[in-house]
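Asks: To start, I am sharing the structure in question, which I have written as structure tokens.
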Amino acid sequence: MGDLSWKDFMSQAKQFLKISQQLGDSWMLEEKDSNEPNTFLKFNQKMKCQSEEGYSEGLVNVEYHVVYSVSYQVPMLFFQAHRSDGSLLDLEATWKLFMPETKARGLYQILTQMDHPVLFRPFMALHPCRTAEVLKQFGQPSDNQVLTFISLYGPHVQLHLKNAYGLVQEYT
Amino acid sequence: MSVEKEMILQFAPWESFVSPTFWHKLAEIKLDLDRLSDSKRSITGHYTNRNASACLLEVDYTAYNRTAQPPKFSHSAIGTIYNKNTIEEFKALDKLHLLADEGKELLADMCSGGVLRDPSLLTRFFVISFADLKCHSYYYWFAFPCPLTPTLKLRGAVQKLRNLPNSDSYIEALKSLPAESQNFFILYANKEQEVVEARNLSSLDENDVEHYYFGFADPSEYEHPAWLMRNYAAFLLQQCPSFVGKTLKFLGLRYNQQMQVDDSRIWQVIQTEACDLSQAGEVKFVGWELNKNGKMGPRMVCMRDSMDPAKLAENSVNLNLKLMKWRLVPDLNLEVISQTKCLLFGAGTLGCAVARNLLSWGFKNITLLDNGKVGFSNPVRQNLYTHADAVAGNRMKATTAAQRLREINPSAETAGHVLEIPMPGHTIGESLLAQTREHLHVIEQQVQDHDVIFLLTDSRESRWLPTLLGAANQKIVINAALGFDSYLVMRHGTTREEAGDVGQEIEGLKCINGDQLGCYFCNDVTAPGNSLKDRTLDQQCTVTRPGVSNIAASYAVELLVALLQHPRRELAPAYYAQSGRGKSEEAAGKVPEGLLGILPHSIRGMLCNFENILPATQKFAQCIACSAAVLNAYKKEGHAFLLKTFETAKYLEDLTGISEFKRLNSEIIDFDDDEFDMSEEDED
């Protein structure tokens with residue numbers, strides 16, 4: 001447990017998508033082609049962004065990608081945030097968006113920028129070095145590691161799954 | 001009628017929300033398809049009424065697709081982009097006229113029945129833009145045209161759908177309406193409320209108006225309905241003039257995250273004055289979006305950070321360094337590194353390797369001085385050159401290296417100067433005098449313009465002038481020299497005078513303050529002569545184990561970085577153990593550490609036993625490169641002094657008194673570092 005093959009990732013991602021659709025959530029599956037790892041889960045949400053001085057910088061859109069990491073054999077969370085004019089938030093601004101004050105240090109241990117394995121552009125990412133280990137600890141209750149992964153890593157970057165995801169009795 | 005009932009219905013204005021991919025695609029289309037053409041293009045946008053934020057109209061790369069495919073839970077808006085070729089044309093656009101033109105198209109759709117067939121024509125928008133593709137700046141202005149019609153007055157309080165008496169049957173009826181028809185629709189309920197159904201807009205029958213809720217997907221998160229209801233109402237009143245003076249019920253359909261419609265709003269409104277929109281010429285339009293300052297005006301966004309490859313590279317490089325700061329060394333000062341200007345004497349094996357290490361650390365400003373061309377033997381060891389450079393036969397190392405550094409990191413500011421470094425004892429003939437003076441001038445200027453001098457040349461005497469200039473100009477000097485399997489990397493003692501703490505005395509360790517540390521020549525008691533004289537070829541063109549230069553280059557850069565991060569910088573003391581091996585190991589553990597560990601004076605290492613030692617030595621009062629006598633003579637006489645030393649090295653020995661010193665004391669000077677007898681060349 002912990003490691004995930006590409007085949008398993010795909011079947012679990014599709015299963016996750018199905019649950020999402022049942023729950024009326026807006027996750028999508030982005031498929032560039034059928035090669036490993038060119039299919040990933042995608043989700044968008046708007047967030048209100050506070051600037052340093054406290055006044056509202058307005059809304060930002062955060063796009064999340066759950067992509068398969070070939071080298072680590074685990075799902076990886078990539079994300080990118082942009083303002084209403086299309087400009088991207090840099091790492092510091094993203095950090096402030098996700099980590100008001102205290103818990104910030106912890107996020108820097110895993111928050112990084114990497115080239116997106118499918119889009120080949122720099123993206124913010126949560127580093128996958130400990131994902132397998134973490135997933136292993138949660139191996140028993142869930143048979144969908146993609147779902148487990150999103151629910152464990154998502155909250156670091158304000159990506160919260162509805163509790164209903166945990167209640168669906170669909171897992172094979 | 002109470003005052004409350006007289007309230008005028010207000011609308012939440014559209015707010016444009018642009019995805020970076022919209023600009024990416026616009027740039028692509030401009031470059032590959034439109035080129036010089038600036039004719040308008042049809043685009044589409046989308047808006048969602050599920051868990052809506054603000055009142056957003058979004059555009060992304062799919063905007064340019066032929067057929068609109070709004071994302072899930074979203075509806076399409078019909079738009080146009082007017083992308084101009086120049087900022088002047090963008091500014092000169094007649095905004096009033098354009099808004100009226102677009103508005104007239106909207107009216108045409110309303111009057112022709114087009115809207116009945118495709119209600120999405122009501123959500124019309126357009127963008128004027130100018131894409132500055134060189135600077136990756138986009139100037140743009142969104143407009144959402146809307147005819148200026150008589151005001152709509154609210155009748156009664158705004159209600160929520162769930163509070164209607166028969167809300168369950170309405171909600172049930174809504175479920176039967178396909179998602180793509182939910183943008184504009186009719187919710188019908190007969191008088192007895194037995195029949196409740198959701199219908200397409202095309203079924204509109206003006207006699208049934210009391211039984212209708214005019215439904216629309218409402219992207220507003222506010223109490224007010226979205227702007228698009230304004231066009232909706234205008235259309236209905238145009239289509240059915242009998243609605244004037246009647247109460248119309250509008251249903252703004254709003255889903256929450258859980259896809260419940262309970263919070264949908266009902267507005268009962270009345271328009272008392274008639275108005276004919278078919279006379280388009282007399283209708284006025286509104287709808288330009290305010291900019292971020294709440295003013296009428298365009299917006300500008302700089303997309304360099306995500307679109308300019310050079311900027312992408314720069315940010316990625318910085319990020320790697322920042323991660324070091326964030327995760328491991330919180331006090332690391334990256335600013336000082338990016339601002340420190342480095343001058344490299346020599347663009348050979350050491351020069352190339354040092355330059356690349358500097359880039360890795362985020363140094364931005366690198367200048368190389370060298371007189372050589374790239375030769376056939378160079379590329380395998382000198383990592384900024386290729387075989388093709390050698391084949392070309394005329395590529396100078398200094399300029400080629402500078403160019404390669406920019407190719408590696410476009411945001412680096414690099415320069416290369418092809419010149420000879422004049423050397424003591426290397427006589428300059430009449431014919432070369434003018435050129436030498438010119439080169440001297442450039443070298444002096446470069447030293448003054450930089451913060452750090454790296455000595456990476458292939459001979460001992462070529463290090464003399466830069467050592468002197470570094471000392472005279474109070475620069476940081478880092479020196480690296482290679483033997484066959486040995487290397488020496490050192491920082492020269494500084495001539496910068498600044499009050500401050502002296503190094504702390506520690507038992508078993510000798511402490512030498514930064515301004516008391518020696519230079520490369522301080523330990524030598526001969527002036528640099530012509531060391532290439534009387535040597536065999538393998539000594540002239542030093543043969544080294546290839547790893548030596550990379551190791552030394554890495555140490556040289558890391559030594560500089562450690563120095564820059566030290567609170568006392570070049571004034572920082574160096575420590576060394578005074579006696580006995582066993583003891584010295586114990587003492588070495590006590591050396592005070594800076595941010596990145598200890599800051600030695602020099603690193604001498606051997607590959608034959610893979611060992612380093614870290615000696616620290618004192619300034620030598622009679623040094624032929626950094627002593628007061630030499631510095632004063634240079635300051636007083638300038639080039640005249642330099643030219644004298646180039647004539648004969650003996651002049652330096654006499655000036656500093658070494659000649660005397662050598663004669664008297666040669667017997668008692670005891671160099672016991674024979675095992676680290678450094679050859680001073682690196683490879684040419």
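A note on labels: chains of the structure tokens are A, B, ... as shown, every chain counts residues from 1, and ligands are counted from 1 in their shown order.
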In region 236-358 of chain B, what's strand (DSSP E or B) per DSSP? Answer as a PyMOL selection string?

Replies: chain B and resi 247-253+255+265-270+285-288+290+296+299-302+341-345

Asks: Write out as JSON lines a residue-level contact list of chain A versus chain B with cut-off 12 Å: for each qualifying residue the closest pair of atoms and the distance in Å to one decimal, counting only C-alpha atoms, rows sorted by chain and residue number upward.

Replies:
```
{"residue": "A:Ser20", "atom": "CA", "partner": "B:Gln258", "partner_atom": "CA", "distance": 11.5}
{"residue": "A:Gln21", "atom": "CA", "partner": "B:Lys72", "partner_atom": "CA", "distance": 10.4}
{"residue": "A:Gln22", "atom": "CA", "partner": "B:Gln258", "partner_atom": "CA", "distance": 11.1}
{"residue": "A:Leu23", "atom": "CA", "partner": "B:Gln258", "partner_atom": "CA", "distance": 7.8}
{"residue": "A:Gly24", "atom": "CA", "partner": "B:Met259", "partner_atom": "CA", "distance": 6.7}
{"residue": "A:Asp25", "atom": "CA", "partner": "B:Gln257", "partner_atom": "CA", "distance": 7.8}
{"residue": "A:Ser26", "atom": "CA", "partner": "B:Lys72", "partner_atom": "CA", "distance": 6.6}
{"residue": "A:Trp27", "atom": "CA", "partner": "B:Lys72", "partner_atom": "CA", "distance": 9.1}
{"residue": "A:Met28", "atom": "CA", "partner": "B:Lys72", "partner_atom": "CA", "distance": 8.9}
{"residue": "A:Lys42", "atom": "CA", "partner": "B:Pro71", "partner_atom": "CA", "distance": 11.9}
{"residue": "A:Phe43", "atom": "CA", "partner": "B:Lys72", "partner_atom": "CA", "distance": 11.0}
{"residue": "A:Asn44", "atom": "CA", "partner": "B:Pro71", "partner_atom": "CA", "distance": 10.5}
{"residue": "A:Gln45", "atom": "CA", "partner": "B:Ser53", "partner_atom": "CA", "distance": 9.6}
{"residue": "A:Lys46", "atom": "CA", "partner": "B:Ser53", "partner_atom": "CA", "distance": 7.0}
{"residue": "A:Met47", "atom": "CA", "partner": "B:Ser53", "partner_atom": "CA", "distance": 8.4}
{"residue": "A:Lys48", "atom": "CA", "partner": "B:Ser53", "partner_atom": "CA", "distance": 8.9}
{"residue": "A:Ser56", "atom": "CA", "partner": "B:Lys292", "partner_atom": "CA", "distance": 11.7}
{"residue": "A:Glu57", "atom": "CA", "partner": "B:Lys292", "partner_atom": "CA", "distance": 9.9}
{"residue": "A:Gly58", "atom": "CA", "partner": "B:Lys292", "partner_atom": "CA", "distance": 9.6}
{"residue": "A:Leu59", "atom": "CA", "partner": "B:Ser53", "partner_atom": "CA", "distance": 8.1}
{"residue": "A:Val60", "atom": "CA", "partner": "B:Phe17", "partner_atom": "CA", "distance": 9.0}
{"residue": "A:Asn61", "atom": "CA", "partner": "B:Ser19", "partner_atom": "CA", "distance": 8.4}
{"residue": "A:Val62", "atom": "CA", "partner": "B:Ser19", "partner_atom": "CA", "distance": 10.4}
{"residue": "A:Glu63", "atom": "CA", "partner": "B:Ser19", "partner_atom": "CA", "distance": 10.3}
{"residue": "A:Gln80", "atom": "CA", "partner": "B:Pro20", "partner_atom": "CA", "distance": 10.3}
{"residue": "A:Ala81", "atom": "CA", "partner": "B:Ser19", "partner_atom": "CA", "distance": 9.7}
{"residue": "A:His82", "atom": "CA", "partner": "B:Ser19", "partner_atom": "CA", "distance": 7.1}
{"residue": "A:Arg83", "atom": "CA", "partner": "B:Phe17", "partner_atom": "CA", "distance": 7.6}
{"residue": "A:Ser84", "atom": "CA", "partner": "B:Phe17", "partner_atom": "CA", "distance": 4.3}
{"residue": "A:Asp85", "atom": "CA", "partner": "B:Val18", "partner_atom": "CA", "distance": 5.2}
{"residue": "A:Gly86", "atom": "CA", "partner": "B:Pro20", "partner_atom": "CA", "distance": 4.2}
{"residue": "A:Ser87", "atom": "CA", "partner": "B:Met303", "partner_atom": "CA", "distance": 5.8}
{"residue": "A:Leu88", "atom": "CA", "partner": "B:Ser306", "partner_atom": "CA", "distance": 6.9}
{"residue": "A:Leu89", "atom": "CA", "partner": "B:Asp305", "partner_atom": "CA", "distance": 9.3}
{"residue": "A:Asp90", "atom": "CA", "partner": "B:Asp305", "partner_atom": "CA", "distance": 8.4}
{"residue": "A:Leu91", "atom": "CA", "partner": "B:Leu319", "partner_atom": "CA", "distance": 8.2}
{"residue": "A:Glu92", "atom": "CA", "partner": "B:Leu319", "partner_atom": "CA", "distance": 10.0}
{"residue": "A:Trp95", "atom": "CA", "partner": "B:Trp326", "partner_atom": "CA", "distance": 11.9}
{"residue": "A:Ala104", "atom": "CA", "partner": "B:Trp326", "partner_atom": "CA", "distance": 10.3}
{"residue": "A:Arg105", "atom": "CA", "partner": "B:Trp326", "partner_atom": "CA", "distance": 8.0}
{"residue": "A:Gly106", "atom": "CA", "partner": "B:Arg327", "partner_atom": "CA", "distance": 9.3}
{"residue": "A:Leu107", "atom": "CA", "partner": "B:Arg327", "partner_atom": "CA", "distance": 10.0}
{"residue": "A:Tyr108", "atom": "CA", "partner": "B:Trp326", "partner_atom": "CA", "distance": 6.6}
{"residue": "A:Gln109", "atom": "CA", "partner": "B:Arg327", "partner_atom": "CA", "distance": 6.2}
{"residue": "A:Ile110", "atom": "CA", "partner": "B:Arg327", "partner_atom": "CA", "distance": 9.4}
{"residue": "A:Leu111", "atom": "CA", "partner": "B:Leu323", "partner_atom": "CA", "distance": 9.0}
{"residue": "A:Thr112", "atom": "CA", "partner": "B:Leu323", "partner_atom": "CA", "distance": 7.6}
{"residue": "A:Gln113", "atom": "CA", "partner": "B:Leu319", "partner_atom": "CA", "distance": 7.4}
{"residue": "A:Met114", "atom": "CA", "partner": "B:Ser316", "partner_atom": "CA", "distance": 8.5}
{"residue": "A:Asp115", "atom": "CA", "partner": "B:Ser316", "partner_atom": "CA", "distance": 9.6}
{"residue": "A:Arg121", "atom": "CA", "partner": "B:Ser306", "partner_atom": "CA", "distance": 9.0}
{"residue": "A:Pro122", "atom": "CA", "partner": "B:Leu312", "partner_atom": "CA", "distance": 7.7}
{"residue": "A:Phe123", "atom": "CA", "partner": "B:Ser306", "partner_atom": "CA", "distance": 10.0}
{"residue": "A:Met124", "atom": "CA", "partner": "B:Ser316", "partner_atom": "CA", "distance": 10.7}
{"residue": "A:His127", "atom": "CA", "partner": "B:Leu323", "partner_atom": "CA", "distance": 12.0}
{"residue": "A:Leu161", "atom": "CA", "partner": "B:Gln257", "partner_atom": "CA", "distance": 11.3}
{"residue": "A:Lys162", "atom": "CA", "partner": "B:Gln258", "partner_atom": "CA", "distance": 9.3}
{"residue": "A:Asn163", "atom": "CA", "partner": "B:Gln258", "partner_atom": "CA", "distance": 11.6}
{"residue": "A:Ala164", "atom": "CA", "partner": "B:Gln258", "partner_atom": "CA", "distance": 10.4}
```

Asks: With only C-alpha atoms as the atoms that count, which of B:Gln239, B:Gln382, B:Thr340, B:Thr645 lies nearest to Leu564 (chain B)?

Replies: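 Selected residue with least distance to Leu564 (chain B): B:Thr340.
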
Asks: Please provide as a compact mmCIF listing (two decimals) with C-alpha atoms, in the first residue's frame all residues within 6 Å of region 123-127 of chain B, with the sequence filter that same-chain residues fewer than 3 positions apart are discarded (counting only C-alpha atoms).

Replies:
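Listing of selection13.txt after writing:
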```txt
# COMPACT_ATOMS: atom_id res chain seq x y z
CA ALA B 77 -22.49 34.57 -23.08
CA ILE B 78 -22.05 35.84 -26.63
CA GLY B 79 -19.19 38.20 -27.20
CA THR B 80 -16.87 39.97 -29.57
CA ILE B 81 -13.26 41.01 -29.24
CA SER B 120 -28.10 33.47 -24.67
CA TRP B 141 -11.89 46.92 -21.45
CA PHE B 142 -15.03 44.86 -21.16
CA ALA B 143 -18.51 46.17 -21.94
CA PHE B 144 -21.90 44.60 -21.37
CA LEU B 228 -28.34 40.34 -17.44
```

Asks: Show which residues sit within 12 Å of Gln565 (chain B), as a PDB file with C-alpha atoms, in the first residue's frame. Count only C-alpha atoms, and ignore same-chain residues fewer than 2 positions away.

Replies:
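Result saved to result-v7.pdb:
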```
ATOM      1  CA  VAL B 329      18.476  28.702   6.226  1.00  0.00           C
ATOM      2  CA  PRO B 330      15.776  31.238   7.112  1.00  0.00           C
ATOM      3  CA  ASP B 331      18.262  34.103   7.469  1.00  0.00           C
ATOM      4  CA  LEU B 332      19.886  33.541   4.100  1.00  0.00           C
ATOM      5  CA  ASN B 333      20.229  36.883   2.356  1.00  0.00           C
ATOM      6  CA  LEU B 334      19.479  36.247  -1.309  1.00  0.00           C
ATOM      7  CA  GLU B 335      19.208  39.927  -2.060  1.00  0.00           C
ATOM      8  CA  VAL B 336      22.883  40.528  -1.404  1.00  0.00           C
ATOM      9  CA  ILE B 337      23.766  37.655  -3.711  1.00  0.00           C
ATOM     10  CA  THR B 340      26.825  41.424  -5.927  1.00  0.00           C
ATOM     11  CA  GLU B 558      30.914  28.767  -1.827  1.00  0.00           C
ATOM     12  CA  LEU B 559      33.662  30.658  -0.020  1.00  0.00           C
ATOM     13  CA  LEU B 560      32.329  33.903  -1.482  1.00  0.00           C
ATOM     14  CA  VAL B 561      28.752  33.065  -0.532  1.00  0.00           C
ATOM     15  CA  ALA B 562      29.784  32.163   3.013  1.00  0.00           C
ATOM     16  CA  LEU B 563      31.648  35.471   3.169  1.00  0.00           C
ATOM     17  CA  PRO B 567      27.772  39.664   9.277  1.00  0.00           C
ATOM     18  CA  ARG B 568      31.340  41.018   9.020  1.00  0.00           C
ATOM     19  CA  ARG B 569      31.785  39.945   5.415  1.00  0.00           C
ATOM     20  CA  GLU B 570      35.424  40.302   4.295  1.00  0.00           C
ATOM     21  CA  LEU B 571      36.377  41.602   7.723  1.00  0.00           C
ATOM     22  CA  ALA B 572      35.369  38.283   9.261  1.00  0.00           C
ATOM     23  CA  GLU B 593      30.298  29.424  12.597  1.00  0.00           C
ATOM     24  CA  GLY B 594      28.449  31.920  10.457  1.00  0.00           C
ATOM     25  CA  LEU B 595      25.162  31.368   8.717  1.00  0.00           C
ATOM     26  CA  LEU B 596      26.616  28.735   6.406  1.00  0.00           C
ATOM     27  CA  GLY B 597      29.268  27.364   8.752  1.00  0.00           C
ATOM     28  CA  ILE B 598      32.869  28.424   9.156  1.00  0.00           C
ATOM     29  CA  LEU B 599      34.606  30.990   6.970  1.00  0.00           C
TER      30      LEU B 599
END
```

Asks: At a cut-off of 12 Å, using only C-alpha atoms, what residues contact Lys32 (chain A)? Leave out same-chain residues fewer than 6 positions from it and give the result as an NGL selection string.

Replies: :A and (38-41 or 117-119)

Asks: Those same residues, written as a tab-separated table (two decimals), in the first residue's frame with C-alpha atoms?

Replies:
```
chain	number	residue	atom	x	y	z
A	38	ASN	CA	-1.46	12.48	-19.48
A	39	THR	CA	-4.83	12.34	-17.75
A	40	PHE	CA	-5.55	14.25	-14.58
A	41	LEU	CA	-8.38	15.44	-12.37
A	117	PRO	CA	4.15	16.72	-15.99
A	118	VAL	CA	1.38	17.06	-18.57
A	119	LEU	CA	1.32	20.76	-19.41
```

Asks: Just want the 10 Å neighbourhood of Leu174 (chain B), counted on only C-alpha atoms, with same-chain residues fewer than 4 positions away dropped. Output as a PyMOL selection string.

Replies: chain B and resi 168-170+178-179+182+185-187+196-199+215+253+261

Asks: So how many Å separate CA of Phe216 (chain B) and CA of Leu251 (chain B), to one decimal?

Replies: 6.4 Å

Asks: So, with only C-alpha atoms as the atoms that count, which of B:Pro147, B:Gly425, B:Pro13, B:Gly294 lies closest to Asn231 (chain B)?

Replies: B:Pro147

Asks: Which value, in Å to one decimal, gives the distance between CA of Thr436 (chain B) and CA of Pro422 (chain B)?

Replies: 7.1 Å

Asks: So which residues touch Ser151 (chain A) within 7 Å, counting only C-alpha atoms, skipping near sequence neighbours fewer than 4 positions away, as number ranges by chain?

Replies: A: 147, 155, 160-161

Asks: Could you please take those selected residues and save N, CA and C atoms as a CSV table (one decimal), in the first residue's frame?

Replies:
```
chain,number,residue,atom,x,y,z
A,147,LEU,N,-8.9,9.5,-3.7
A,147,LEU,CA,-9.8,10.2,-2.8
A,147,LEU,C,-9.2,10.5,-1.5
A,155,PRO,N,-6.8,20.0,2.0
A,155,PRO,CA,-7.0,21.1,3.0
A,155,PRO,C,-5.8,22.0,3.2
A,160,HIS,N,-11.3,21.6,0.0
A,160,HIS,CA,-12.0,20.7,0.9
A,160,HIS,C,-13.1,19.9,0.2
A,161,LEU,N,-13.0,18.6,0.5
A,161,LEU,CA,-14.1,17.7,-0.1
A,161,LEU,C,-15.2,17.7,0.8
```

Asks: Would you please work out which residue, of A:Trp6, A:Tyr153, A:Phe138, A:Tyr165, is nearest to Tyr68 (chain A) when using only C-alpha atoms?

Replies: A:Trp6

Asks: Write out as a VMD selection string all residues of region 67-148 of chain A that backbone DSSP assigns to helix (DSSP H, G or I).

Replies: chain A and resid 91 to 98 101 to 110 128 to 137 145 to 148
